[in-house]
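upload-v4.txt, holding compact mmCIF, C-alpha atoms:
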# COMPACT_ATOMS: atom_id res chain seq x y z
CA MET Y 1 72.45 88.70 95.59
CA THR Y 2 75.89 89.03 97.14
CA THR Y 3 77.18 92.32 98.54
CA PHE Y 4 80.70 91.46 97.39
CA ASP Y 5 82.49 89.84 94.46
CA VAL Y 6 85.64 88.63 96.21
CA ALA Y 7 86.01 87.83 99.91
CA VAL Y 8 89.21 86.61 101.56
CA GLY Y 9 89.19 85.43 105.17
CA LEU Y 10 91.66 84.38 107.86
CA ASP Y 11 90.55 82.69 111.08
CA GLU Y 12 91.48 83.55 114.66
CA ALA Y 13 93.76 80.52 115.03
CA ALA Y 14 95.96 81.79 112.19
CA MET Y 15 95.92 85.29 113.68
CA SER Y 16 96.90 83.84 117.06
CA GLN Y 17 99.80 82.04 115.35
CA ALA Y 18 100.97 85.36 113.95
CA MET Y 19 100.63 86.94 117.39
CA ALA Y 20 102.68 84.09 118.89
CA ALA Y 21 105.39 84.59 116.27
CA VAL Y 22 105.56 88.29 117.15
CA TYR Y 23 105.66 87.42 120.86
CA HIS Y 24 108.58 85.00 120.50
CA GLU Y 25 110.56 87.54 118.50
CA LEU Y 26 109.94 90.48 120.85
CA TYR Y 27 109.80 88.87 124.30
CA PRO Y 28 111.06 90.02 126.77
CA LYS Y 29 111.74 93.40 125.17
CA VAL Y 30 108.06 94.27 124.73
CA PHE Y 31 106.00 91.99 126.91
CA THR Y 32 107.72 92.79 130.21
CA GLY Y 33 108.36 96.04 132.05
CA SER Y 34 108.20 97.93 135.31
CA GLN Y 35 107.13 101.30 136.61
CA ARG Y 36 107.41 103.17 139.91
CA VAL Y 37 104.24 104.72 141.27
CA GLU Y 38 103.21 106.62 144.38
CA ARG Y 39 100.07 105.75 146.27
CA SER Y 40 98.91 107.05 149.65
CA GLY Y 41 102.35 108.53 150.35
CA LEU Y 42 104.14 105.25 149.61
CA GLU Y 43 106.20 104.30 146.61
CA PHE Y 44 105.69 101.01 144.82
CA ASP Y 45 107.54 99.26 142.03
CA VAL Y 46 105.06 97.54 139.76
CA SER Y 47 106.36 95.08 137.18
CA TRP Y 48 104.56 92.86 134.71
CA ASP Y 49 105.42 89.80 132.69
CA VAL Y 50 103.36 88.24 129.91
CA THR Y 51 104.61 84.68 130.29
CA ALA Y 52 102.95 83.14 127.23
CA PRO Y 53 101.82 84.44 123.82
CA PRO Y 54 98.54 86.35 123.86
CA THR Y 55 95.75 84.95 121.69
CA VAL Y 56 93.31 86.62 119.31
CA ALA Y 57 89.56 86.39 119.94
CA LEU Y 58 87.18 87.40 117.16
CA GLY Y 59 83.51 88.27 117.28
CA PRO Y 60 81.51 91.03 118.96
CA PRO Y 61 83.02 92.00 122.33
CA PRO Y 62 80.89 90.84 125.26
CA GLU Y 63 79.16 93.70 127.04
CA GLY Y 64 80.13 95.89 124.11
CA ARG Y 65 77.65 98.65 124.83
CA ARG Y 66 78.68 98.96 128.49
CA LEU Y 67 82.35 99.13 127.52
CA VAL Y 68 81.73 101.81 124.89
CA ALA Y 69 79.63 103.92 127.25
CA GLN Y 70 82.23 103.56 129.99
CA HIS Y 71 85.02 104.48 127.59
CA LEU Y 72 83.21 107.63 126.47
CA VAL Y 73 82.71 108.66 130.08
CA THR Y 74 86.28 107.98 131.24
CA GLN Y 75 87.70 109.81 128.22
CA HIS Y 76 85.37 112.77 128.88
CA LEU Y 77 83.86 112.37 125.41
CA VAL Y 78 80.18 112.16 126.29
CA GLU Y 79 79.86 115.87 126.99
CA HIS Y 80 81.30 116.62 123.54
CA LEU Y 81 78.96 114.32 121.62
CA GLU Y 82 76.53 116.31 119.53
CA PRO Y 83 74.03 113.97 117.88
CA PRO Y 84 72.38 115.08 114.63
CA PRO Y 85 68.92 116.59 115.00
CA GLY Y 86 66.37 113.97 115.97
CA LEU Y 87 68.89 111.60 117.54
CA THR Y 88 69.83 111.13 121.19
CA VAL Y 89 73.22 110.40 122.70
CA GLU Y 90 71.97 106.89 123.45
CA GLN Y 91 71.16 106.31 119.79
CA LEU Y 92 74.57 107.64 118.81
CA ILE Y 93 76.24 105.21 121.23
CA ASP Y 94 74.17 102.36 119.76
CA ALA Y 95 75.38 103.26 116.27
CA TYR Y 96 78.96 103.41 117.54
CA VAL Y 97 78.60 99.95 119.10
CA THR Y 98 77.18 98.50 115.88
CA THR Y 99 80.18 99.78 113.94
CA LEU Y 100 82.67 98.43 116.47
CA GLU Y 101 81.02 95.01 116.48
CA HIS Y 102 82.12 94.49 112.88
CA THR Y 103 85.57 96.09 113.12
CA THR Y 104 86.92 95.10 116.54
CA PHE Y 105 88.75 92.05 117.85
CA ARG Y 106 90.39 91.21 121.19
CA VAL Y 107 93.97 90.36 122.10
CA VAL Y 108 93.82 88.28 125.28
CA ALA Y 109 96.78 87.83 127.65
CA ASN Y 110 95.68 84.99 129.95
CA ASP Y 111 99.16 84.12 131.23
CA MET Y 112 100.44 87.27 132.86
CA THR Y 113 101.76 88.24 136.29
CA MET Y 114 101.98 91.53 138.15
CA THR Y 115 104.53 92.00 140.91
CA ILE Y 116 104.08 94.78 143.48
CA GLN Y 117 106.99 95.78 145.73
CA GLY Y 118 106.79 98.42 148.42
CA GLY Y 119 106.80 98.96 152.15
CA GLY Y 120 109.27 96.13 152.58
CA GLU Y 121 106.90 93.61 151.03
CA SER Y 122 106.56 91.94 147.64
CA ALA Y 123 103.69 90.03 146.07
CA THR Y 124 103.18 88.47 142.65
CA VAL Y 125 99.63 87.92 141.43
CA PRO Y 126 98.17 86.51 138.21
CA VAL Y 127 96.32 88.96 136.00
CA LYS Y 128 94.34 88.74 132.81
CA VAL Y 129 94.35 91.60 130.32
CA ILE Y 130 92.08 92.04 127.29
CA LEU Y 131 93.03 94.59 124.66
CA TYR Y 132 90.31 95.78 122.28
CA VAL Y 133 91.68 96.56 118.80
CA GLN Y 134 89.82 98.18 115.92
CA VAL Y 135 90.66 97.44 112.29
CA ASP Y 136 90.50 100.67 110.33
CA SER Y 137 90.78 100.46 106.53
CA PHE Y 138 91.66 103.19 104.08
CA GLY Y 139 92.14 101.87 100.59
CA ALA Y 140 94.44 98.86 100.85
CA HIS Y 141 95.97 100.16 104.09
CA LEU Y 142 94.80 98.54 107.33
CA THR Y 143 95.51 100.15 110.68
CA LEU Y 144 95.20 98.21 113.93
CA ARG Y 145 94.13 100.78 116.50
CA PRO Y 146 94.02 99.81 120.22
CA LEU Y 147 90.91 101.29 121.79
CA LYS Y 148 90.79 100.12 125.37
CA ALA Y 149 92.19 97.55 127.80
CA THR Y 150 90.37 95.79 130.60
CA GLY Y 151 91.63 93.28 133.13
CA THR Y 152 91.11 91.30 136.31
CA THR Y 153 93.39 90.32 139.19
CA GLY Y 154 91.11 88.23 141.38
CA ASN Y 155 92.00 90.54 144.27
CA PRO Y 156 90.26 93.93 144.59
CA THR Y 157 93.24 95.27 146.58
CA ASP Y 158 95.43 94.95 143.48
CA ASP Y 159 92.91 96.45 141.05
CA TRP Y 160 94.22 99.98 141.59
CA PHE Y 161 97.67 99.00 140.29
CA LEU Y 162 96.12 97.12 137.39
CA ASN Y 163 93.89 100.02 136.35
CA HIS Y 164 96.45 102.80 136.82
CA ILE Y 165 99.64 101.07 135.61
CA ILE Y 166 99.12 97.86 133.65
CA LEU Y 167 96.12 98.75 131.49
CA PRO Y 168 97.32 102.21 130.34
CA GLU Y 169 100.73 100.71 129.63
CA ALA Y 170 99.14 97.89 127.60
CA VAL Y 171 97.37 100.40 125.36
CA LYS Y 172 100.53 102.50 125.02
CA ILE Y 173 102.71 99.54 124.06
CA ALA Y 174 100.10 98.22 121.64
CA ARG Y 175 100.06 101.54 119.82
CA GLU Y 176 103.79 101.16 119.29
CA PHE Y 177 104.03 97.56 118.12
CA LEU Y 178 100.69 96.73 116.48
CA PRO Y 179 101.52 96.94 112.80
CA ALA Y 180 99.88 98.73 109.95
CA ILE Y 181 99.20 96.25 107.16
CA ASP Y 182 99.29 97.05 103.47
CA LEU Y 183 97.22 94.53 101.56
CA PRO Y 184 98.84 93.37 98.31
CA PRO Y 185 97.05 94.13 95.03
CA PHE Y 186 94.46 91.46 94.37
CA THR Y 187 93.24 91.14 90.79
CA PHE Y 188 91.69 88.33 88.77
CA ALA Y 189 92.86 87.87 85.18
CA GLY Y 190 93.09 91.62 84.77
CA VAL Y 191 89.68 92.19 86.34
CA GLY Y 192 90.03 95.16 88.70
CA LEU Y 193 88.53 95.33 92.17
CA THR Y 194 87.41 98.16 94.45
CA ALA Y 195 89.19 99.17 97.62
CA PRO Y 196 88.59 96.56 100.33
CA ALA Y 197 86.18 96.64 103.24
CA VAL Y 198 86.86 94.72 106.47
CA ASP Y 199 84.42 92.69 108.54
CA VAL Y 200 85.34 91.02 111.84
CA THR Y 201 83.12 87.98 112.32
CA PRO Y 202 83.00 85.41 115.14
CA GLY Y 203 85.28 83.12 113.14
CA HIS Y 204 87.30 85.18 110.68
CA VAL Y 205 88.58 88.57 109.70
CA VAL Y 206 87.20 89.00 106.19
CA VAL Y 207 88.37 91.44 103.52
CA LEU Y 208 85.72 92.07 100.87
CA ALA Y 209 85.86 93.82 97.51
CA ALA Y 210 83.57 94.35 94.54
CA LEU Y 211 84.31 94.44 90.85
CA GLU Y 212 85.80 97.71 89.67
CA GLY Y 213 83.11 100.26 88.88
CA LYS Y 214 80.77 99.02 91.60
CA PRO Y 215 80.48 100.50 95.12
CA VAL Y 216 82.81 99.32 97.86
CA PRO Y 217 80.97 96.56 99.80
CA THR Y 218 79.01 97.78 102.81
CA PRO Y 219 77.09 95.97 105.57
CA PRO Y 220 75.09 93.92 106.06
CA PHE Y 221 77.69 91.29 105.17
CA PRO Y 222 77.04 87.54 105.14
CA GLU Y 223 76.78 86.07 108.62
CA SER Y 224 78.51 82.79 107.80
CA TRP Y 225 81.70 81.91 105.93
CA PRO Y 226 83.69 78.75 105.19
CA GLU Y 227 85.17 77.16 108.30
CA SER Y 228 88.66 76.76 106.81
CA PRO Y 229 91.49 78.81 108.34
CA PHE Y 230 91.94 80.55 104.97
CA PHE Y 231 89.38 81.06 102.23
CA ALA Y 232 88.73 83.09 99.10
CA VAL Y 233 85.13 83.20 97.80
CA MET Y 234 84.15 84.43 94.34
CA SER Y 235 80.70 85.61 93.34
CA ASP Y 236 79.14 84.30 90.13
CA GLU Y 237 79.60 87.73 88.57
CA ALA Y 238 83.29 87.73 89.44
CA LYS Y 239 83.74 84.25 87.99
CA LEU Y 240 82.00 85.28 84.77
CA ALA Y 241 84.19 88.40 84.56
CA ILE Y 242 87.29 86.20 84.92
CA GLY Y 243 86.13 83.88 82.15
CA ARG Y 244 85.22 86.69 79.78
CA ALA Y 245 88.53 88.46 80.33
CA GLY Y 246 90.42 85.21 79.77
CA VAL Y 247 88.83 84.34 76.40
CA ARG Y 248 88.98 87.88 75.08
CA SER Y 249 92.19 87.15 73.18
CA LEU Y 250 90.45 84.47 71.10
CA VAL Y 251 87.71 86.74 69.77
CA GLY Y 252 88.64 87.95 66.30
CA ARG Y 253 91.26 85.28 65.66
CA THR Y 254 91.25 84.37 61.97
CA PHE Y 255 92.28 81.31 59.99
CA GLY Y 256 92.99 81.18 56.27
CA ASP Y 257 93.42 78.46 53.68
CA SER Y 258 93.52 78.09 49.91
CA GLY Y 259 93.97 75.25 47.47
CA ARG Y 260 92.48 73.19 44.69
CA VAL Y 261 89.80 70.55 44.71
CA ASN Y 262 88.86 68.14 41.93
CA ILE Y 263 85.14 68.23 41.13
CA GLY Y 264 85.11 65.81 38.18
CA ILE Y 265 84.42 68.32 35.47
CA GLY Y 266 87.51 70.26 36.32
CA THR Y 267 89.63 71.58 39.15
CA ALA Y 268 88.29 74.35 41.32
CA GLU Y 269 90.51 76.81 43.08
CA TYR Y 270 89.34 78.21 46.39
CA ALA Y 271 90.42 80.63 49.10
CA GLY Y 272 88.67 81.04 52.41
CA THR Y 273 88.88 82.60 55.84
CA ALA Y 274 87.25 81.68 59.12
CA ARG Y 275 86.98 83.86 62.19
CA ILE Y 276 86.06 83.37 65.84
CA ALA Y 277 83.38 86.04 65.87
CA ALA Y 278 82.27 85.80 69.51
CA ILE Y 279 82.53 83.66 72.63
CA ASP Y 280 79.79 83.50 75.20
CA ILE Y 281 80.84 82.50 78.73
CA ARG Y 282 78.32 81.17 81.20
CA LEU Y 283 78.46 79.38 84.53
CA ALA Y 284 78.89 75.62 84.56
CA ASP Y 285 77.60 73.54 87.47
CA GLN Y 286 76.69 75.62 90.53
CA GLY Y 287 79.77 76.41 92.56
CA ALA Y 288 82.07 74.42 90.30
CA PRO Y 289 85.39 76.01 89.33
CA GLN Y 290 84.44 75.89 85.66
CA PHE Y 291 83.03 77.98 82.82
CA ALA Y 292 81.01 76.75 79.87
CA PHE Y 293 81.65 78.45 76.53
CA ASN Y 294 79.80 78.75 73.26
CA ALA Y 295 81.60 80.25 70.27
CA ALA Y 296 80.36 81.71 66.99
CA ILE Y 297 82.38 80.95 63.84
CA SER Y 298 81.88 82.97 60.67
CA GLY Y 299 83.75 83.19 57.39
CA ASN Y 300 83.58 83.02 53.63
CA VAL Y 301 84.94 80.94 50.80
CA ARG Y 302 85.46 82.03 47.19
CA ALA Y 303 85.70 79.25 44.64
CA GLY Y 304 86.31 79.44 40.90
CA ILE Y 305 86.31 76.77 38.16
CA THR Y 306 87.32 77.30 34.55
CA ILE Y 307 85.47 75.27 31.95
CA GLY Y 308 86.67 75.92 28.44
CA CYS Y 309 87.18 79.63 28.12
CA THR Y 310 84.68 80.49 30.85
CA THR Y 311 85.41 80.89 34.55
CA PHE Y 312 82.55 80.36 36.94
CA GLY Y 313 82.84 81.93 40.39
CA VAL Y 314 80.88 80.87 43.45
CA ASN Y 315 80.82 82.54 46.87
CA TYR Y 316 79.97 80.75 50.10
CA THR Y 317 79.24 81.85 53.63
CA LEU Y 318 80.98 79.69 56.23
CA VAL Y 319 79.37 79.04 59.63
CA ALA Y 320 79.64 76.43 62.38
CA ALA Y 321 76.42 74.62 63.30
CA PRO Y 322 76.37 73.41 65.94
CA PRO Y 323 78.97 75.93 67.11
CA PRO Y 324 82.06 74.98 69.14
CA THR Y 325 81.18 74.47 72.80
CA GLY Y 326 83.10 73.18 75.78
CA ARG Y 327 84.38 73.85 79.26
CA ILE Y 328 87.20 75.85 80.80
CA GLY Y 329 88.33 74.88 84.28
CA LEU Y 330 90.21 76.67 87.02
CA GLU Y 331 93.37 74.98 88.28
CA LEU Y 332 95.56 75.40 91.37
CA SER Y 333 99.31 75.06 91.54
CA GLY Y 334 100.56 76.16 94.93
CA THR Y 335 99.10 79.63 95.33
CA ARG Y 336 98.78 80.24 91.58
CA VAL Y 337 95.32 80.02 90.03
CA SER Y 338 95.04 79.56 86.28
CA ALA Y 339 92.43 78.50 83.74
CA ARG Y 340 92.69 75.92 81.00
CA THR Y 341 90.37 74.35 78.42
CA GLN Y 342 89.14 71.00 79.69
CA GLN Y 343 86.76 70.01 76.91
CA VAL Y 344 85.90 70.98 73.31
CA ASN Y 345 82.79 69.36 71.86
CA THR Y 346 82.46 68.27 68.23
CA PHE Y 347 81.17 70.94 65.84
CA LEU Y 348 80.30 71.08 62.14
CA LEU Y 349 81.15 73.60 59.42
CA ILE Y 350 78.49 74.48 56.87
CA LEU Y 351 78.86 76.24 53.50
CA SER Y 352 75.89 78.28 52.27
CA PRO Y 353 76.06 79.66 48.71
CA SER Y 354 75.62 83.38 48.26
CA GLY Y 355 74.69 85.12 45.04
CA ASN Y 356 72.93 83.28 42.19
CA PRO Y 357 75.21 80.49 40.95
CA PHE Y 358 74.18 77.72 38.54
CA GLU Y 359 72.52 74.83 40.33
CA TRP Y 360 74.47 72.22 38.37
CA LEU Y 361 77.73 73.86 39.38
CA LEU Y 362 76.75 73.92 43.03
CA SER Y 363 75.80 70.26 43.02
CA VAL Y 364 79.23 69.13 41.87
CA LEU Y 365 81.27 71.74 43.78
CA THR Y 366 79.78 72.08 47.26
CA ALA Y 367 80.40 68.60 48.67
CA PRO Y 368 84.11 68.29 47.76
CA LEU Y 369 84.74 71.91 48.65
CA LEU Y 370 83.16 71.43 52.08
CA GLN Y 371 85.37 68.40 52.69
CA ALA Y 372 88.47 70.41 51.84
CA VAL Y 373 87.46 73.42 53.94
CA THR Y 374 86.48 71.23 56.91
CA ALA Y 375 89.78 69.34 56.72
CA ALA Y 376 91.67 72.64 56.73
CA PHE Y 377 89.76 74.74 59.28
CA SER Y 378 88.32 72.31 61.85
CA PRO Y 379 91.70 71.26 63.32
CA LEU Y 380 92.87 74.87 63.48
CA ILE Y 381 89.73 76.05 65.27
CA THR Y 382 89.74 73.07 67.65
CA LYS Y 383 93.41 73.62 68.47
CA ALA Y 384 92.76 77.30 69.21
CA PHE Y 385 90.18 76.38 71.84
CA GLU Y 386 92.11 73.42 73.23
CA GLY Y 387 95.21 75.55 73.65
CA LEU Y 388 93.45 78.26 75.65
CA SER Y 389 95.24 78.90 78.96
CA PHE Y 390 95.52 82.05 81.01
CA PRO Y 391 96.64 83.09 84.52
CA VAL Y 392 93.87 84.11 86.91
CA THR Y 393 95.55 85.25 90.11
CA THR Y 394 98.08 84.45 92.80
CA LEU Y 395 96.56 84.04 96.23
CA PRO Y 396 97.99 86.94 98.22
CA SER Y 397 100.60 86.67 100.93
CA VAL Y 398 100.38 89.43 103.54
CA SER Y 399 103.53 90.92 105.07
CA ILE Y 400 103.42 92.15 108.67
CA ASP Y 401 106.18 94.47 109.89
CA THR Y 402 106.40 95.46 113.54
CA SER Y 403 109.26 96.57 115.78
CA GLY Y 404 111.87 95.20 113.39
CA VAL Y 405 110.08 91.86 113.00
CA ARG Y 406 108.77 90.84 109.59
CA LEU Y 407 106.27 88.03 109.17
CA VAL Y 408 104.62 86.70 106.04
CA VAL Y 409 101.22 85.02 106.11
CA THR Y 410 100.86 82.70 103.09
CA PRO Y 411 97.91 80.51 102.08
CA THR Y 412 98.86 76.83 101.86
CA ASP Y 413 97.28 73.43 101.21
CA VAL Y 414 94.57 75.15 99.20
CA HIS Y 415 91.84 73.39 97.22
CA PHE Y 416 88.63 74.25 95.42
CA ALA Y 417 85.35 73.94 97.29
CA THR Y 418 81.77 75.17 97.10
CA PHE Y 419 80.31 77.57 99.63
CA ALA Y 420 76.69 78.75 99.55
CA GLY Y 421 76.54 77.87 95.86
CA LEU Y 422 79.68 79.91 95.07
CA THR Y 423 83.17 78.82 94.11
CA SER Y 424 85.66 79.05 96.95
CA ILE Y 425 89.32 78.29 97.52
CA GLU Y 426 89.99 76.96 101.00
CA GLY Y 427 93.06 75.92 102.95
CA THR Y 428 95.30 76.88 105.83
CA ALA Y 429 97.81 79.65 106.46
CA ARG Y 430 101.55 79.41 107.05
CA ILE Y 431 103.37 82.01 109.16
CA THR Y 432 107.04 82.51 108.30
CA GLY Y 433 109.73 85.08 108.91
CA GLY Y 434 110.20 87.55 106.09
Starting from the coordinates I provided, produce the structure as structure tokens.
Amino acid sequence: MTTFDVAVGLDEAAMSQAMAAVYHELYPKVFTGSQRVERSGLEFDVSWDVTAPPTVALGPPPEGRRLVAQHLVTQHLVEHLEPPPGLTVEQLIDAYVTTLEHTTFRVVANDMTMTIQGGGESATVPVKVILYVQVDSFGAHLTLRPLKATGTTGNPTDDWFLNHIILPEAVKIAREFLPAIDLPPFTFAGVGLTAPAVDVTPGHVVVLAALEGKPVPTPPFPESWPESPFFAVMSDEAKLAIGRAGVRSLVGRTFGDSGRVNIGIGTAEYAGTARIAAIDIRLADQGAPQFAFNAAISGNVRAGITIGCTTFGVNYTLVAAPPPTGRIGLELSGTRVSARTQQVNTFLLILSPSGNPFEWLLSVLTAPLLQAVTAAFSPLITKAFEGLSFPVTTLPSVSIDTSGVRLVVTPTDVHFATFAGLTSIEGTARITGG
């Protein structure tokens, strides 16, 4: 049983592309700077330069527990932690780490230099900075919150400048330019979804939602996902909900016909109606982007024949046996997902007399009347099913706005696939300016 009904994921390569696009738009305004600092009675000018785009690294941070514990100590938070009765501070830290493992990613600046000038000397050294960022979701609003920065210089003498200037500045700048992201509404054929939950995995950032009326998805989430840069996975329940919502407009549709039919001993007049009484949607092949349907047809026919001065009336119940069956398939056109009938199987209409008519009248009337009714109704019913088509969704593009830069992340080159027995849509992501 899945803990979600819709899951949409984006891999770290696509996120790194977005980070690179932001870097190229903002450099050198954001990714360079300088600051004067005093140390041991001397003044130093410390400058930094991120010379290449940072990359995004997903998955649980290495040494996560040590970093959390250290952060709580340096921020003087440990002494204010008050665990619930029966829990220790250590257990509270463990719970904190578990939460961060599924909501935190790293922004890694591997190509960065720090220049220190003071006392008549100047030195430029390479540094590496890692920024830990937590994804916080509230409804469809995602906030990227920088938590902590760590770094290395390769030279212990320079660590003081790194720890006191570069790392605090990295967190400060990140708070200013890391964007808040508003996820676009994501619905399937009018089927509502809950607010999203976010899970940061070793390969993707995944946004999960359940069908409206169910709880918002909560951990534990699946440990593996499709390997594609972009994916959208639907649960069987979500797929069924899409199919049922799409065929809803057919239920109750009626068809009418009237006319005359020669039965040898006279001409019978008839009038009848047929109705699509119900449609049952079920899953087709496992993971296939298809639904199988089974429809119930009901109706009635009233026939009358006048012989001499007497009019004989006969009533019939109209049913389809076997009933109309077939398949509805999902289709992709760019980022638009729609559904269309792919197959309607042959069905038969049957007339069953109601009331207590004369047997001799039935024997001469039923066969020609059935031919006339079948000729009139079967094409109409078949056409109604063959013409079924409805929109399902548009794969969402996400807009990112930061420091005057607008980027749009759009799924592209998408195709249907099967993942863990479920229907998925997989492809890549294109990063463009808004």
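As for CA of Val373 in chain Y and CA of Ile263 in chain Y, they are spaced 14.0 Å apart.
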> Neighbours of Tyr27 in chain Y within 9 Å (all atoms listed in the file; same-chain residues fewer than 5 positions away dropped), as a ChimeraX atom specification?
Replying inline: /Y:22,32,50-51
>> With distances taken over only C-alpha atoms, which residue among Y:Phe105, Y:Phe377, Y:Phe44, Y:Tyr132 lies nearest Ser16 in chain Y?
In response: Y:Phe105
>> Residues near range 247-255 of chain Y, anyone? I mean within 6 Å using all atoms listed in the file, not counting same-chain ones fewer than 2 positions away, as a PyMOL selection string.
In response: chain Y and resi 244-245+273-278
Write to file, as a PDB file, in the frame of the given file, the residues of the selection just made, with C-alpha atoms.
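So part.pdb came out as:
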ATOM      1  CA  ARG Y 244      85.220  86.690  79.780  1.00  0.00           C
ATOM      2  CA  ALA Y 245      88.530  88.460  80.330  1.00  0.00           C
ATOM      3  CA  THR Y 273      88.880  82.600  55.840  1.00  0.00           C
ATOM      4  CA  ALA Y 274      87.250  81.680  59.120  1.00  0.00           C
ATOM      5  CA  ARG Y 275      86.980  83.860  62.190  1.00  0.00           C
ATOM      6  CA  ILE Y 276      86.060  83.370  65.840  1.00  0.00           C
ATOM      7  CA  ALA Y 277      83.380  86.040  65.870  1.00  0.00           C
ATOM      8  CA  ALA Y 278      82.270  85.800  69.510  1.00  0.00           C
TER       9      ALA Y 278
END
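Between Ala7 in chain Y and the candidates Y:Thr194, Y:Ser354, Y:Gln286, Y:Thr150, the tightest atom-to-atom separation, counting all atoms listed in the file, involves Y:Thr194.
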>> Counting only C-alpha atoms, which residue out of Y:Ala14, Y:Ala149, Y:Val8, Y:Ala241 sits closest to Thr428 in chain Y?
In response: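 Closest to Thr428 in chain Y of all the choices is Y:Ala14.
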> Using all atoms listed in the file, which residues sit within 7 Å of Val319 in chain Y once same-chain residues fewer than 2 positions away are excluded, as a list in words?
Replying inline: Ile297, Ser298, Gly299, Thr317, Ala321, Leu349, Ile350 and Leu351 of chain Y
>> So that I can check the surroundings of Val398 in chain Y, please list as an MDAnalysis selection string every protein, DNA and RNA residue that reaches within 7 Å of it, counting all atoms listed in the file and ignoring chain neighbours fewer than 4 positions away.
In response: chainID Y and resid 183:184 408:410
> Skipping near chain neighbours, those fewer than 3 positions away, what residues fall within 7 Å of His141 in chain Y using all atoms listed in the file, listed as a PyMOL selection string?
Replying inline: chain Y and resi 137-138+181-183
>> Using all atoms listed in the file, list the residues that have an atom at most 12 Å from (78.4, 70.7, 62.7), coordinates as in the file, as a ChimeraX atom specification.
In response: /Y:296-297,318-325,345-351,370,374,378
Please produce a file of the residues just selected, as a PDB file, in the frame of the given file, where the atoms kept are C-alpha atoms.
ATOM      1  CA  ALA Y 296      80.360  81.710  66.990  1.00  0.00           C
ATOM      2  CA  ILE Y 297      82.380  80.950  63.840  1.00  0.00           C
ATOM      3  CA  LEU Y 318      80.980  79.690  56.230  1.00  0.00           C
ATOM      4  CA  VAL Y 319      79.370  79.040  59.630  1.00  0.00           C
ATOM      5  CA  ALA Y 320      79.640  76.430  62.380  1.00  0.00           C
ATOM      6  CA  ALA Y 321      76.420  74.620  63.300  1.00  0.00           C
ATOM      7  CA  PRO Y 322      76.370  73.410  65.940  1.00  0.00           C
ATOM      8  CA  PRO Y 323      78.970  75.930  67.110  1.00  0.00           C
ATOM      9  CA  PRO Y 324      82.060  74.980  69.140  1.00  0.00           C
ATOM     10  CA  THR Y 325      81.180  74.470  72.800  1.00  0.00           C
ATOM     11  CA  ASN Y 345      82.790  69.360  71.860  1.00  0.00           C
ATOM     12  CA  THR Y 346      82.460  68.270  68.230  1.00  0.00           C
ATOM     13  CA  PHE Y 347      81.170  70.940  65.840  1.00  0.00           C
ATOM     14  CA  LEU Y 348      80.300  71.080  62.140  1.00  0.00           C
ATOM     15  CA  LEU Y 349      81.150  73.600  59.420  1.00  0.00           C
ATOM     16  CA  ILE Y 350      78.490  74.480  56.870  1.00  0.00           C
ATOM     17  CA  LEU Y 351      78.860  76.240  53.500  1.00  0.00           C
ATOM     18  CA  LEU Y 370      83.160  71.430  52.080  1.00  0.00           C
ATOM     19  CA  THR Y 374      86.480  71.230  56.910  1.00  0.00           C
ATOM     20  CA  SER Y 378      88.320  72.310  61.850  1.00  0.00           C
TER      21      SER Y 378
END
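Residue nearest Met19 in chain Y, chosen from Y:Leu395, Y:Ala417, Y:Ala109, Y:Ile165 and counting all atoms listed in the file: Y:Ala109.
Considering the residues Y:Ala420, Y:Ala57, Y:Ala268, Y:Ala209 and counting all atoms listed in the file, Thr366 in chain Y has its shortest atom-to-atom contact with Y:Ala268.
The two atoms in question, CA of Ser235 in chain Y and CA of Pro217 in chain Y, are spaced 12.7 Å apart.
Coordinates place CA of Val191 in chain Y at a distance of 17.4 Å from CA of Ser424 in chain Y.
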> Which of these, Y:Glu12, Y:Glu426, Y:Glu386, Y:Asp158, has the shortest distance to Val233 in chain Y once you count all atoms listed in the file?
Replying inline: Y:Glu426
Give me range 112-119 of chain Y from this structure - N, CA and C atoms, as a short mmCIF file (atom, residue, chain, number, x, y, z; two decimals), in the first residue's frame.
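The result, stored in selection_21.cif:
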data_model
loop_
_atom_site.label_atom_id
_atom_site.label_comp_id
_atom_site.auth_asym_id
_atom_site.auth_seq_id
_atom_site.Cartn_x
_atom_site.Cartn_y
_atom_site.Cartn_z
N MET Y 112 36.30 27.87 -4.98
CA MET Y 112 36.18 29.12 -4.24
C MET Y 112 37.55 29.49 -3.69
N THR Y 113 37.83 30.78 -3.67
CA THR Y 113 39.11 31.25 -3.11
C THR Y 113 38.85 32.26 -2.01
N MET Y 114 39.78 32.32 -1.08
CA MET Y 114 39.76 33.32 -0.01
C MET Y 114 41.10 34.04 -0.03
N THR Y 115 41.04 35.36 -0.09
CA THR Y 115 42.26 36.17 -0.10
C THR Y 115 42.35 36.96 1.20
N ILE Y 116 43.51 36.85 1.87
CA ILE Y 116 43.74 37.53 3.15
C ILE Y 116 44.86 38.53 2.94
N GLN Y 117 44.58 39.80 3.25
CA GLN Y 117 45.58 40.87 3.14
C GLN Y 117 45.73 41.55 4.49
N GLY Y 118 46.96 41.71 4.91
CA GLY Y 118 47.22 42.38 6.18
C GLY Y 118 48.68 42.25 6.56
N GLY Y 119 49.16 43.26 7.31
CA GLY Y 119 50.56 43.24 7.72
C GLY Y 119 51.52 43.30 6.56
#
